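Asks: Let me begin by handing over the structure; questions about it come next.
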Amino acid sequence: MQCKFTELTDYQWQFIEIYFKDYQPRKHCLRNILNAILWLTRTGSQWRNLDSRYPKWQSVYYYFRQWKIKGTLGLILKKLVELERVRLGRDTNPSAGAVDSQSVRIVAFTHEDTGIDGGKKVNGRKRHLLVDTQGLPIAIHVSAADLSDAVGGFDLLHQAEYLQGKLKLIRADRAYAEMFKEAASWCDFEVEVTKRPNSQKGFVPQAGRWQEERSFSRMNFYRRLARDYERLPASAVDFIQLMFINIILARLA
């Protein structure tokens, strides 16, 4: 894990450059724009406090919004995950994964899709994550914190439908017991519910699911993800995607 933000190298940019080529004349270099957004993700700064070495924040935010609407960051992440799996000697499509959620607090003046997680006593939003056995993301969803894990997981299943016939097993905890298992069966996914031994207390890494916890823990190194600062859940999803993009590009380099 990198200790501080570093801009994209020429080698790293080669992996994703094709997604930003539309051959239109532009005032700003898109590589510099992406570096600015990655800087925001890592440092947690406000848009209006963007570092002066980058273009004005209005220009950077314009491209961020356009890439969010077009789903550009999601396409980049999907391709990078495939490249990383190949580098690790794995098939491009995973056969097993793990699902879990994380409740995170919001900041003032955030009103859309928010709620209170009664179990964890968190007023905010919930991040739902489906990852493979390497901790690489398959699907990401952000909802109000008062939405149950099982219901929030339905959107993950919808995103993972392209893996039908390839993804066989999803490991989950007891929160995903009934409704989620039934919905997963419609996609031909088997759900294995794992339990912590009654004799043990506190956090206990569970086989096949600890990669999920590691993925959530990596968000602690990206201050933009320390809380949910975004007005819209879609923007929160994009910043999670940016975190994984930054991590995978660092590995490929």
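Residue names in the structure tokens use chain letters A, B, ... in the order shown, residue numbers from 1 in each chain, and ligand numbers from 1 in the order shown.
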Go through region 170-246 of chain A residue by residue and, counting only C-alpha atoms, keep those with an atom at most 12 Å from region 81-88 of chain A; for each kept residue give the shortest atom pair and its distance in Å to one decimal, ordered by chain and increasing number, as JSON lines.

Replies:
```
{"residue": "A:Gln241", "atom": "CA", "partner": "A:Val81", "partner_atom": "CA", "distance": 11.0}
{"residue": "A:Phe244", "atom": "CA", "partner": "A:Val81", "partner_atom": "CA", "distance": 8.9}
{"residue": "A:Ile245", "atom": "CA", "partner": "A:Val81", "partner_atom": "CA", "distance": 8.6}
{"residue": "A:Asn246", "atom": "CA", "partner": "A:Val81", "partner_atom": "CA", "distance": 11.5}
```

Asks: What's the 12 Å shell around Gln211 (chain A), counting only C-alpha atoms, without same-chain residues fewer than 4 positions away, as a PyMOL selection string?

Replies: chain A and resi 96-100+129-137+171-172+205-207+215-218

Asks: Write a file of the just-selected residues containing N, CA, C and O atoms, as a compact mmCIF listing (two decimals), in the first residue's frame.

Replies:
```txt
# COMPACT_ATOMS: atom_id res chain seq x y z
N ALA A 96 -15.45 -17.60 -7.50
CA ALA A 96 -15.90 -17.48 -6.11
C ALA A 96 -15.71 -16.04 -5.66
O ALA A 96 -14.82 -15.33 -6.13
N GLY A 97 -16.55 -15.62 -4.74
CA GLY A 97 -16.46 -14.26 -4.23
C GLY A 97 -17.01 -14.18 -2.82
O GLY A 97 -17.44 -15.18 -2.23
N ALA A 98 -17.00 -12.98 -2.26
CA ALA A 98 -17.51 -12.74 -0.92
C ALA A 98 -18.24 -11.41 -0.91
O ALA A 98 -17.86 -10.47 -1.62
N VAL A 99 -19.30 -11.34 -0.11
CA VAL A 99 -20.11 -10.13 -0.05
C VAL A 99 -20.21 -9.65 1.40
O VAL A 99 -20.27 -10.45 2.33
N ASP A 100 -20.20 -8.35 1.58
CA ASP A 100 -20.35 -7.76 2.91
C ASP A 100 -20.69 -6.29 2.74
O ASP A 100 -20.70 -5.76 1.62
N LEU A 129 -20.30 -4.42 -1.00
CA LEU A 129 -19.16 -4.80 -1.82
C LEU A 129 -19.16 -6.30 -2.08
O LEU A 129 -19.32 -7.10 -1.15
N LEU A 130 -18.99 -6.66 -3.33
CA LEU A 130 -18.79 -8.05 -3.73
C LEU A 130 -17.42 -8.15 -4.36
O LEU A 130 -17.12 -7.46 -5.35
N VAL A 131 -16.54 -8.96 -3.76
CA VAL A 131 -15.16 -9.07 -4.23
C VAL A 131 -14.84 -10.52 -4.55
O VAL A 131 -15.52 -11.45 -4.11
N ASP A 132 -13.76 -10.72 -5.31
CA ASP A 132 -13.30 -12.08 -5.60
C ASP A 132 -12.37 -12.55 -4.49
O ASP A 132 -12.21 -11.87 -3.46
N THR A 133 -11.74 -13.70 -4.67
CA THR A 133 -10.90 -14.26 -3.61
C THR A 133 -9.59 -13.51 -3.43
O THR A 133 -8.85 -13.78 -2.48
N GLN A 134 -9.30 -12.55 -4.32
CA GLN A 134 -8.11 -11.72 -4.19
C GLN A 134 -8.45 -10.35 -3.58
O GLN A 134 -7.57 -9.50 -3.45
N GLY A 135 -9.72 -10.13 -3.28
CA GLY A 135 -10.14 -8.84 -2.75
C GLY A 135 -10.40 -7.80 -3.81
O GLY A 135 -10.59 -6.62 -3.49
N LEU A 136 -10.43 -8.22 -5.08
CA LEU A 136 -10.68 -7.29 -6.19
C LEU A 136 -12.18 -7.16 -6.40
O LEU A 136 -12.91 -8.15 -6.34
N PRO A 137 -12.68 -5.95 -6.67
CA PRO A 137 -14.13 -5.73 -6.72
C PRO A 137 -14.80 -6.35 -7.94
O PRO A 137 -14.29 -6.28 -9.05
N ARG A 171 -19.62 -16.21 -0.72
CA ARG A 171 -19.59 -16.40 0.72
C ARG A 171 -20.12 -15.15 1.41
O ARG A 171 -19.81 -14.03 1.00
N ALA A 172 -20.91 -15.34 2.45
CA ALA A 172 -21.55 -14.23 3.14
C ALA A 172 -21.73 -14.56 4.61
O ALA A 172 -21.53 -15.70 5.03
N PRO A 205 -11.01 -13.56 11.48
CA PRO A 205 -10.95 -13.76 10.03
C PRO A 205 -11.54 -15.10 9.64
O PRO A 205 -11.20 -16.12 10.23
N GLN A 206 -12.42 -15.09 8.67
CA GLN A 206 -13.09 -16.31 8.24
C GLN A 206 -12.62 -16.70 6.85
O GLN A 206 -12.44 -15.84 5.98
N ALA A 207 -12.41 -17.98 6.65
CA ALA A 207 -11.89 -18.47 5.38
C ALA A 207 -12.80 -18.03 4.23
O ALA A 207 -14.02 -18.22 4.29
N SER A 215 -10.47 -5.35 1.93
CA SER A 215 -10.86 -4.34 0.96
C SER A 215 -11.47 -3.13 1.66
O SER A 215 -11.19 -1.98 1.29
N PHE A 216 -12.30 -3.38 2.68
CA PHE A 216 -12.87 -2.26 3.43
C PHE A 216 -11.79 -1.51 4.20
O PHE A 216 -11.83 -0.28 4.31
N SER A 217 -10.83 -2.24 4.76
CA SER A 217 -9.79 -1.59 5.56
C SER A 217 -8.92 -0.68 4.71
O SER A 217 -8.38 0.32 5.22
N ARG A 218 -8.77 -0.98 3.44
CA ARG A 218 -7.96 -0.14 2.56
C ARG A 218 -8.56 1.25 2.39
O ARG A 218 -7.85 2.20 2.06
```

Asks: Can you work out which one of A:Glu212, A:Leu80, A:Val104, A:Phe64 has the shortest atom-to-atom distance to Leu252 (chain A), counting only C-alpha atoms?

Replies: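 Between A:Glu212, A:Leu80, A:Val104, A:Phe64, the residue approaching Leu252 (chain A) most closely is A:Leu80.
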
Asks: Compile the contact shell of Lys126 (chain A) as number ranges by chain: residues with an atom at most 8 Å away, counting only C-alpha atoms, same-chain residues fewer than 2 positions apart removed.

Replies: A: 101-104, 124, 128, 142-147

Asks: Emit the selected residues as a PDB file, in the first residue's frame, including N, CA and C atoms.

Replies:
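Wrote it out as part16.pdb, contents follow:
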```pdb
ATOM      1  N   SER A 101     -20.956  -5.625   3.859  1.00  0.00           N
ATOM      2  CA  SER A 101     -21.298  -4.209   3.814  1.00  0.00           C
ATOM      3  C   SER A 101     -20.574  -3.470   4.928  1.00  0.00           C
ATOM      4  N   GLN A 102     -20.512  -2.156   4.773  1.00  0.00           N
ATOM      5  CA  GLN A 102     -19.867  -1.297   5.763  1.00  0.00           C
ATOM      6  C   GLN A 102     -20.697  -0.029   5.903  1.00  0.00           C
ATOM      7  N   SER A 103     -21.107   0.288   7.118  1.00  0.00           N
ATOM      8  CA  SER A 103     -21.837   1.524   7.366  1.00  0.00           C
ATOM      9  C   SER A 103     -20.846   2.637   7.673  1.00  0.00           C
ATOM     10  N   VAL A 104     -21.083   3.811   7.091  1.00  0.00           N
ATOM     11  CA  VAL A 104     -20.158   4.924   7.249  1.00  0.00           C
ATOM     12  C   VAL A 104     -20.952   6.196   7.503  1.00  0.00           C
ATOM     13  N   GLY A 124     -25.913   7.398   8.395  1.00  0.00           N
ATOM     14  CA  GLY A 124     -25.186   7.660   7.157  1.00  0.00           C
ATOM     15  C   GLY A 124     -25.601   6.760   6.023  1.00  0.00           C
ATOM     16  N   HIS A 128     -21.950  -1.532  -0.001  1.00  0.00           N
ATOM     17  CA  HIS A 128     -22.084  -2.958  -0.272  1.00  0.00           C
ATOM     18  C   HIS A 128     -21.011  -3.349  -1.283  1.00  0.00           C
ATOM     19  N   VAL A 142     -23.878   1.628  -3.150  1.00  0.00           N
ATOM     20  CA  VAL A 142     -23.997   2.473  -1.963  1.00  0.00           C
ATOM     21  C   VAL A 142     -25.466   2.793  -1.750  1.00  0.00           C
ATOM     22  N   SER A 143     -25.940   2.590  -0.517  1.00  0.00           N
ATOM     23  CA  SER A 143     -27.346   2.818  -0.195  1.00  0.00           C
ATOM     24  C   SER A 143     -27.440   3.546   1.134  1.00  0.00           C
ATOM     25  N   ALA A 144     -28.677   3.844   1.548  1.00  0.00           N
ATOM     26  CA  ALA A 144     -28.904   4.374   2.891  1.00  0.00           C
ATOM     27  C   ALA A 144     -28.509   3.324   3.923  1.00  0.00           C
ATOM     28  N   ALA A 145     -28.030   3.767   5.082  1.00  0.00           N
ATOM     29  CA  ALA A 145     -27.518   2.838   6.099  1.00  0.00           C
ATOM     30  C   ALA A 145     -28.616   1.989   6.712  1.00  0.00           C
ATOM     31  N   ASP A 146     -29.870   2.436   6.611  1.00  0.00           N
ATOM     32  CA  ASP A 146     -30.947   1.647   7.213  1.00  0.00           C
ATOM     33  C   ASP A 146     -31.445   0.527   6.310  1.00  0.00           C
ATOM     34  N   LEU A 147     -30.865   0.381   5.122  1.00  0.00           N
ATOM     35  CA  LEU A 147     -31.231  -0.718   4.236  1.00  0.00           C
ATOM     36  C   LEU A 147     -30.522  -1.990   4.692  1.00  0.00           C
TER      37      LEU A 147
END
```

Asks: For the contact check between region 28-146 of chain A and region 228-237 of chain A, emit one row per residue of region 28-146 of chain A within 8 Å, containing the shortest atom pair and the distance in Å rounded to one decimal, counting only C-alpha atoms, chain then rising number order, as a Markdown table.

Replies:
```
| residue | atom | partner | partner_atom | distance |
| --- | --- | --- | --- | --- |
| A:Lys68 | CA | A:Ser235 | CA | 7.3 |
| A:Val104 | CA | A:Asp228 | CA | 6.5 |
| A:Arg105 | CA | A:Asp228 | CA | 6.2 |
| A:Ile106 | CA | A:Asp228 | CA | 4.8 |
| A:Val107 | CA | A:Tyr229 | CA | 5.9 |
| A:Thr110 | CA | A:Arg231 | CA | 5.6 |
| A:His111 | CA | A:Arg231 | CA | 7.3 |
| A:Glu112 | CA | A:Leu232 | CA | 6.5 |
| A:Asp113 | CA | A:Pro233 | CA | 7.1 |
| A:Gly124 | CA | A:Asp228 | CA | 7.5 |
| A:Arg125 | CA | A:Asp228 | CA | 7.2 |
| A:Ile140 | CA | A:Val237 | CA | 6.6 |
| A:His141 | CA | A:Val237 | CA | 6.4 |
| A:Val142 | CA | A:Pro233 | CA | 5.6 |
| A:Ser143 | CA | A:Pro233 | CA | 6.7 |
```

Asks: Go ahead and dump the residues you just picked, C-alpha atoms, as a PDB file, in the first residue's frame.

Replies:
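Final output, part16.pdb:
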```pdb
ATOM      1  CA  LYS A  68     -19.750   9.249 -13.801  1.00  0.00           C
ATOM      2  CA  VAL A 104     -20.158   4.924   7.249  1.00  0.00           C
ATOM      3  CA  ARG A 105     -21.124   8.290   8.682  1.00  0.00           C
ATOM      4  CA  ILE A 106     -22.164  11.198   6.493  1.00  0.00           C
ATOM      5  CA  VAL A 107     -21.313  14.883   6.823  1.00  0.00           C
ATOM      6  CA  THR A 110     -26.125  15.334   3.053  1.00  0.00           C
ATOM      7  CA  HIS A 111     -29.772  14.373   2.700  1.00  0.00           C
ATOM      8  CA  GLU A 112     -30.195  11.962  -0.217  1.00  0.00           C
ATOM      9  CA  ASP A 113     -30.275   8.213   0.483  1.00  0.00           C
ATOM     10  CA  GLY A 124     -25.186   7.660   7.157  1.00  0.00           C
ATOM     11  CA  ARG A 125     -24.841   5.323   4.217  1.00  0.00           C
ATOM     12  CA  ILE A 140     -20.104  -1.957  -5.710  1.00  0.00           C
ATOM     13  CA  HIS A 141     -23.293  -0.364  -4.416  1.00  0.00           C
ATOM     14  CA  VAL A 142     -23.997   2.473  -1.963  1.00  0.00           C
ATOM     15  CA  SER A 143     -27.346   2.818  -0.195  1.00  0.00           C
TER      16      SER A 143
END
```

Asks: Can you list, as a list of chain:residue names, every protein, DNA or RNA residue that comes within 9 Å of Asp173 (chain A) when you count only C-alpha atoms, leaving out same-chain residues fewer than 2 positions away?

Replies: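 Using only C-alpha atoms, the neighbours found are A:Val99, A:Asp100, A:Arg171, A:Ala175, A:Tyr176, A:Ala177, A:Glu192, A:Val193, A:Thr194, A:Lys195, A:Arg196, A:Arg209.
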
Asks: Any chance you could export the current selection's C-alpha atoms as a compact mmCIF listing (two decimals), in the first residue's frame?

Replies:
```txt
# COMPACT_ATOMS: atom_id res chain seq x y z
CA VAL A 99 -20.11 -10.13 -0.05
CA ASP A 100 -20.35 -7.76 2.91
CA ARG A 171 -19.59 -16.40 0.72
CA ALA A 175 -27.20 -11.12 7.41
CA TYR A 176 -27.51 -12.56 3.90
CA ALA A 177 -29.25 -15.77 4.94
CA GLU A 192 -22.42 -20.11 1.53
CA VAL A 193 -23.21 -18.53 4.90
CA THR A 194 -20.23 -18.65 7.25
CA LYS A 195 -20.45 -18.20 11.01
CA ARG A 196 -17.99 -17.19 13.69
CA ARG A 209 -14.24 -13.80 3.56
```

Asks: Using only C-alpha atoms, determine which residues lie at most 9 Å from Thr41 (chain A), disregarding the query and same-chain residues fewer than 6 positions distant; provide the list as a list of chain:residue names.

Replies: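 Returned residues: A:Tyr222, A:Arg223, A:Arg224, A:Leu225, A:Phe239, A:Ile240, A:Leu242, A:Met243.
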
Asks: Measuring atom to atom with only C-alpha atoms, identify which of A:Arg127, A:Thr92, A:Lys120, A:Cys29 is nearest to Leu163 (chain A).

Replies: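 Of A:Arg127, A:Thr92, A:Lys120, A:Cys29, the one nearest Leu163 (chain A) is A:Thr92, counting only C-alpha atoms.
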
Asks: Got a sec: who's within 12 Å of Asn49 (chain A), counting only C-alpha atoms, leaving out chain neighbours fewer than 4 positions off, as a list in words?

Replies: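 Result of the neighbour search: Ala36, Trp39, Leu40, Thr43, Gly44, Ser45, Arg53, Tyr54, Pro55, Lys56, Trp57, Gln58 and Val60 of chain A.
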
Asks: Out of A:Trp186, A:Glu178, A:Lys27, A:Leu50, which residue has the shortest atom-to-atom distance to His158 (chain A) when counting only C-alpha atoms?

Replies: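 The answer is A:Trp186, which sits nearest to His158 (chain A).
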
Asks: As a ChimeraX atom specification, which residues of region 44-238 of chain A does DSSP assign to alpha helix (DSSP H)?

Replies: /A:57-70,72-87,149-159,179-186,210-218,233-238

Asks: Given only C-alpha atoms as the basis, pick out the residue of A:Ile33, A:Leu77, A:Leu156, A:Leu249 nearest to Ala183 (chain A).

Replies: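 Nearest to Ala183 (chain A): A:Leu156.
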
Asks: What does the structure give for the distance between CA of Tyr162 (chain A) and CA of Leu34 (chain A), in Å to one decimal?

Replies: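 Interatomic distance, CA of Tyr162 (chain A) to CA of Leu34 (chain A): 27.7 Å.
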
Asks: Kindly indicate which residue among A:Tyr61, A:Glu190, A:Ala108, A:Ile248 lies nearest to Lys78 (chain A), using only C-alpha atoms for the distances.

Replies: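 Nearest candidate to Lys78 (chain A) out of A:Tyr61, A:Glu190, A:Ala108, A:Ile248: A:Ile248.
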
Asks: Rounded to one decimal, what separation in Å do you get between CA of Val191 (chain A) and CA of Leu169 (chain A)?

Replies: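 Distance between the two atoms: 5.9 Å.
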
Asks: If I take CA of Ile170 (chain A) and CA of Glu182 (chain A), how far is one from the other in Å, to one decimal?

Replies: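 Spanning CA of Ile170 (chain A) to CA of Glu182 (chain A) is a straight-line distance of 12.5 Å.
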